[in-house]
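One structure below.
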Amino acid sequence: MRTISTQRISTEALAAFLGVKLETFKTWRKRGGLLPDQAPGKGKTAEWGFGDCLKAYAAKVLIEAGAGTIAAATFANGADAFETFIKGTPLHVPPGIGGLEAISLEDFGRELADWFCHHIAATLDPETGGYGGSDAYAAAKADFEMQIRRVRGL
């Protein structure tokens with residue numbers, strides 16, 4: 001079963017979901033150092049997991065609040081955004097980075113999870129060779145919600 005935790009998306013898809021131009025996202029990576037561990041090597045396409053997307057969102061929020069790209073990227077790269085989101089707590093920002101005390105990941109994370117589930121449903125499953133469809137969507141969504149309930153004690 002494909003899950004949100006194992007699904008990956010393209011750079012183009014991530015930039016679009018963040019609401020930024022592809023070149024802007026690439027600049028954050030090249031000049032700011034955002035998500036450096038994902039450099040796939042020459043001739044290969046970068047792919048991003050759910051936690052990477054949350055980190056990119058945190059960097060975007062900080063940049064929009066006035067933080068420098070390098071400072072925002074450095075903070076985001078070091079943040080455990082996935083775990084913070086699953087726990088339902090905000091991402092606490094150190095003083096001096098964008099003037100924010102915390103970044104809520106809840107709304108963005110929920111929208112992102114739904115998008116990932118739709119992506120799972122609409123793409124070919126490498127195990128079966130077929131499209132996931134509504135069953136794959138429902139299974140991925142249920143698995144994700146179970147993770148959240150378990151960690152949050154709901």
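Residue numbering restarts at 1 for every chain of the structure tokens, chains are lettered A, B, ... in their displayed order, and ligands are numbered from 1 as they appear.
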- Query: So which residues touch stretch 94-105 of chain A within 9 Å, counting only C-alpha atoms, skipping near sequence neighbours fewer than 4 positions away, as a ChimeraX atom specification?
  - Reply: /A:54,57-58,61-68,71-72,75,81,84-85,88-90,109-110
For the selection just defined, write its residues with N, CA, C and O atoms to a file, as a compact mmCIF listing (two decimals), in the first residue's frame.
# COMPACT_ATOMS: atom_id res chain seq x y z
N LEU A 54 6.61 20.08 4.06
CA LEU A 54 6.35 20.88 5.25
C LEU A 54 7.50 21.83 5.54
O LEU A 54 7.29 22.99 5.91
N TYR A 57 7.35 24.67 3.13
CA TYR A 57 6.29 25.60 3.53
C TYR A 57 6.77 26.51 4.67
O TYR A 57 6.53 27.72 4.64
N ALA A 58 7.45 25.94 5.65
CA ALA A 58 7.96 26.74 6.77
C ALA A 58 8.92 27.81 6.25
O ALA A 58 8.85 28.98 6.67
N VAL A 61 6.90 30.61 4.57
CA VAL A 61 6.25 31.49 5.55
C VAL A 61 7.26 32.47 6.13
O VAL A 61 6.98 33.67 6.25
N LEU A 62 8.43 31.99 6.46
CA LEU A 62 9.46 32.87 7.02
C LEU A 62 9.94 33.90 6.01
O LEU A 62 10.12 35.07 6.36
N ILE A 63 10.15 33.48 4.77
CA ILE A 63 10.58 34.42 3.74
C ILE A 63 9.52 35.49 3.52
O ILE A 63 9.84 36.68 3.42
N GLU A 64 8.26 35.08 3.49
CA GLU A 64 7.17 36.05 3.31
C GLU A 64 7.06 37.00 4.50
O GLU A 64 6.58 38.11 4.36
N ALA A 65 7.53 36.55 5.68
CA ALA A 65 7.51 37.41 6.87
C ALA A 65 8.73 38.31 6.96
O ALA A 65 8.86 39.09 7.90
N GLY A 66 9.63 38.19 5.98
CA GLY A 66 10.78 39.08 5.93
C GLY A 66 12.12 38.46 6.27
O GLY A 66 13.14 39.15 6.27
N ALA A 67 12.14 37.17 6.56
CA ALA A 67 13.42 36.51 6.85
C ALA A 67 14.24 36.38 5.58
O ALA A 67 13.68 36.26 4.48
N GLY A 68 15.52 36.39 5.71
CA GLY A 68 16.39 36.15 4.57
C GLY A 68 16.26 34.69 4.14
O GLY A 68 15.94 33.81 4.95
N ALA A 71 18.57 32.26 6.11
CA ALA A 71 18.10 32.03 7.48
C ALA A 71 16.86 31.15 7.49
O ALA A 71 16.74 30.22 8.31
N ALA A 72 15.92 31.42 6.59
CA ALA A 72 14.69 30.62 6.51
C ALA A 72 15.01 29.18 6.13
O ALA A 72 14.46 28.24 6.71
N PHE A 75 16.80 27.31 9.05
CA PHE A 75 15.83 26.91 10.07
C PHE A 75 14.99 25.74 9.58
O PHE A 75 14.83 24.74 10.28
N ALA A 81 9.75 19.02 10.90
CA ALA A 81 8.42 19.49 10.53
C ALA A 81 7.38 18.38 10.52
O ALA A 81 6.24 18.58 10.93
N THR A 84 6.51 17.47 14.14
CA THR A 84 5.78 18.60 14.72
C THR A 84 4.34 18.62 14.22
O THR A 84 3.40 18.80 14.99
N PHE A 85 4.17 18.41 12.92
CA PHE A 85 2.82 18.37 12.36
C PHE A 85 2.01 17.22 12.95
O PHE A 85 0.87 17.39 13.37
N GLY A 88 0.69 17.88 16.21
CA GLY A 88 -0.31 18.93 16.27
C GLY A 88 0.17 20.19 16.95
O GLY A 88 -0.63 21.02 17.40
N THR A 89 1.48 20.34 17.03
CA THR A 89 2.05 21.53 17.68
C THR A 89 2.64 22.45 16.63
O THR A 89 3.00 22.01 15.53
N PRO A 90 2.75 23.74 16.93
CA PRO A 90 3.38 24.65 15.97
C PRO A 90 4.89 24.47 15.95
O PRO A 90 5.49 23.95 16.90
N GLY A 109 -0.59 21.29 6.25
CA GLY A 109 -0.34 19.85 6.31
C GLY A 109 -1.56 19.02 5.95
O GLY A 109 -1.46 18.02 5.25
N ARG A 110 -2.72 19.45 6.40
CA ARG A 110 -3.96 18.73 6.05
C ARG A 110 -4.26 18.83 4.56
O ARG A 110 -4.64 17.85 3.93
- Could you pull the residues within 7 Å of A:Ile70, counting only C-alpha atoms, minus those fewer than 3 positions along the same chain, as a PyMOL selection string? chain A and resi 32-33+73-74
Create the file for the chosen residues now, containing all heavy atoms and written as a PDB file, in the first residue's frame.
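Now in result-v4.pdb:
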ATOM      1  N   GLY A  32      19.758  29.728  -1.230  1.00  0.00           N
ATOM      2  CA  GLY A  32      19.451  29.661   0.196  1.00  0.00           C
ATOM      3  C   GLY A  32      19.848  28.368   0.859  1.00  0.00           C
ATOM      4  O   GLY A  32      19.963  28.293   2.068  1.00  0.00           O
ATOM      5  N   GLY A  33      20.012  27.321   0.063  1.00  0.00           N
ATOM      6  CA  GLY A  33      20.391  26.028   0.631  1.00  0.00           C
ATOM      7  C   GLY A  33      19.222  25.214   1.142  1.00  0.00           C
ATOM      8  O   GLY A  33      19.413  24.281   1.919  1.00  0.00           O
ATOM      9  N   ALA A  73      15.888  29.008   5.155  1.00  0.00           N
ATOM     10  CA  ALA A  73      16.252  27.664   4.706  1.00  0.00           C
ATOM     11  C   ALA A  73      16.996  26.897   5.802  1.00  0.00           C
ATOM     12  O   ALA A  73      16.719  25.716   6.031  1.00  0.00           O
ATOM     13  CB  ALA A  73      17.105  27.747   3.445  1.00  0.00           C
ATOM     14  N   THR A  74      17.902  27.569   6.478  1.00  0.00           N
ATOM     15  CA  THR A  74      18.663  26.920   7.546  1.00  0.00           C
ATOM     16  C   THR A  74      17.731  26.440   8.649  1.00  0.00           C
ATOM     17  O   THR A  74      17.843  25.305   9.130  1.00  0.00           O
ATOM     18  CB  THR A  74      19.734  27.876   8.117  1.00  0.00           C
ATOM     19  OG1 THR A  74      20.607  28.259   7.049  1.00  0.00           O
ATOM     20  CG2 THR A  74      20.520  27.231   9.230  1.00  0.00           C
TER      21      THR A  74
END
With a cut-off of 8 Å, could you pull out the residues of stretch 47-130 of chain A touching stretch 7-11 of chain A and give me the nearest pair of atoms for each, distance in Å to one decimal, using only C-alpha atoms, ordered by chain and ascending number, as JSON lines?
{"residue": "A:Glu47", "atom": "CA", "partner": "A:Ser10", "partner_atom": "CA", "distance": 4.8}
{"residue": "A:Trp48", "atom": "CA", "partner": "A:Arg8", "partner_atom": "CA", "distance": 5.0}
{"residue": "A:Gly49", "atom": "CA", "partner": "A:Arg8", "partner_atom": "CA", "distance": 4.6}
{"residue": "A:Phe50", "atom": "CA", "partner": "A:Arg8", "partner_atom": "CA", "distance": 7.3}
{"residue": "A:Phe116", "atom": "CA", "partner": "A:Gln7", "partner_atom": "CA", "distance": 7.2}
{"residue": "A:Ile120", "atom": "CA", "partner": "A:Gln7", "partner_atom": "CA", "distance": 7.3}
- Give the helix (DSSP H, G or I) residues of stretch 48-108 of chain A, as DSSP finds them on the backbone, and put them as a VMD selection string. chain A and resid 50 to 64 69 to 78 81 to 87 106 to 108
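Minimum atom-to-atom distances from A:Leu35, A:Cys117, A:Ala13, A:Leu112 to A:Ala79 were compared using only C-alpha atoms, and the lowest value belongs to A:Leu35.
In this model, the gap between atom CA of A:Lys30 and atom CA of A:Ala56 comes to 13.4 Å.
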- Which residues, written as a PyMOL selection string, have at least one atom at most 12 Å from A:Gln147, with only C-alpha atoms counted and residues fewer than 6 positions away on the same chain left out? chain A and resi 3-5+82-83+85-88+140-141+153-154
- In Å, how far is it from atom CA of A:Arg149 to atom CA of A:Ala15? 29.0 Å
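The residue that comes closest to A:Ala139, out of A:Asp114, A:Val151, A:Glu127, A:Thr45 and on the basis of only C-alpha atoms, is A:Asp114.
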- Identify, with DSSP run on backbone atoms, the residues in stretch 8-138 of chain A assigned to strand (DSSP E or B), and express the list as a ChimeraX atom specification. /A:9-10,47-48,91-92,102-103,124,131
- Message: To one decimal place in Å, what is the distance between atom CA of A:Val93 and atom CA of A:Ala59?
- Response: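 Interatomic distance, atom CA of A:Val93 to atom CA of A:Ala59: 10.8 Å.
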